[in-house]
Amino acid sequence: MAVGFVLINVAPGSEKKVFDTMIKWDEIQELHPLFGDYDLIAKVQAPDYEALSDIVVNKIRAIKGVTETKTLTGAKF
């Protein structure tokens, strides 16, 4: 199982639309609006890192209004 935390920037005024789109997805474990350098943070869970990459690139970045993402992947001890 792969876990990633995706920091998301969106075009001004698109925050709620992007949030409402993503919150419905099964892969999204948590989704929170932010103040500061990023607009949203999503905890994403996928079967492996290839699937996690696919979610970020082909789903999150494909949402109209998303302008930038930064993904932090979970590590195992």
# chains A, B, ... in the order shown; residues from 1 in each chain; ligands from 1
>>> residues_around(residues="Ala2 (chain A)", least_positions_apart="2", cutoff="8 Å", atoms="only C-alpha atoms", output="list of chain:residue names")
A:Gly4, A:Gln45, A:Ala46, A:Pro47, A:Asp48, A:Tyr49, A:Leu52, A:Thr73, A:Gly74
>>> closest_residue(among="A:Met22, A:Val57, A:Ala62, A:Ala75", to="Ile41 (chain A)", atoms="only C-alpha atoms")
A:Met22
>>> residues_around(residues="region 25-36 of chain A", least_positions_apart="3", cutoff="10 Å", atoms="only C-alpha atoms", output="list in words")
Val3, Gly4, Phe5, Val6, Leu7, Ile8, Asn9, Glu15, Lys16, Phe19, Asp20, Thr21, Met22, Asp39, Leu40, Ile41, Ala42, Lys43, Val44, Gln45, Ala46, Pro47, Leu52, Ile55 and Lys59 of chain A
>>> residues_around(residues="Gly65 (chain A)", least_positions_apart="6", cutoff="8 Å", atoms="only C-alpha atoms", output="PyMOL selection string")
chain A and resi 10-11+14+18
>>> write_last_selection(atoms="N, CA and C atoms", output="PDB file, in the first residue's frame")
ATOM      1  N   VAL A  10      -4.823  25.797  -6.593  1.00  0.00           N
ATOM      2  CA  VAL A  10      -5.887  25.922  -7.585  1.00  0.00           C
ATOM      3  C   VAL A  10      -6.039  27.378  -7.994  1.00  0.00           C
ATOM      4  N   ALA A  11      -6.694  27.586  -9.112  1.00  0.00           N
ATOM      5  CA  ALA A  11      -6.976  28.937  -9.571  1.00  0.00           C
ATOM      6  C   ALA A  11      -7.906  29.620  -8.564  1.00  0.00           C
ATOM      7  N   SER A  14     -11.630  28.533  -7.390  1.00  0.00           N
ATOM      8  CA  SER A  14     -11.893  27.137  -7.747  1.00  0.00           C
ATOM      9  C   SER A  14     -11.765  26.173  -6.570  1.00  0.00           C
ATOM     10  N   VAL A  18     -12.941  22.134  -6.758  1.00  0.00           N
ATOM     11  CA  VAL A  18     -11.928  21.083  -6.729  1.00  0.00           C
ATOM     12  C   VAL A  18     -12.141  20.191  -5.509  1.00  0.00           C
TER      13      VAL A  18
END
>>> select_by_dssp(residues="chain A", states="strand (DSSP E)", output="PyMOL selection string")
chain A and resi 2-10+28-33+40-46+66-73
>>> atom_distance(atom1="CA of Thr67 (chain A)", atom2="CA of Tyr38 (chain A)")
10.5 Å
>>> atom_distance(atom1="CA of Gly13 (chain A)", atom2="CA of Thr71 (chain A)")
22.5 Å
>>> atom_distance(atom1="CA of Lys24 (chain A)", atom2="CA of Lys76 (chain A)")
27.7 Å
>>> select_by_dssp(residues="region 4-77 of chain A", states="alpha helix (DSSP H)", output="PyMOL selection string")
chain A and resi 15-22+49-54
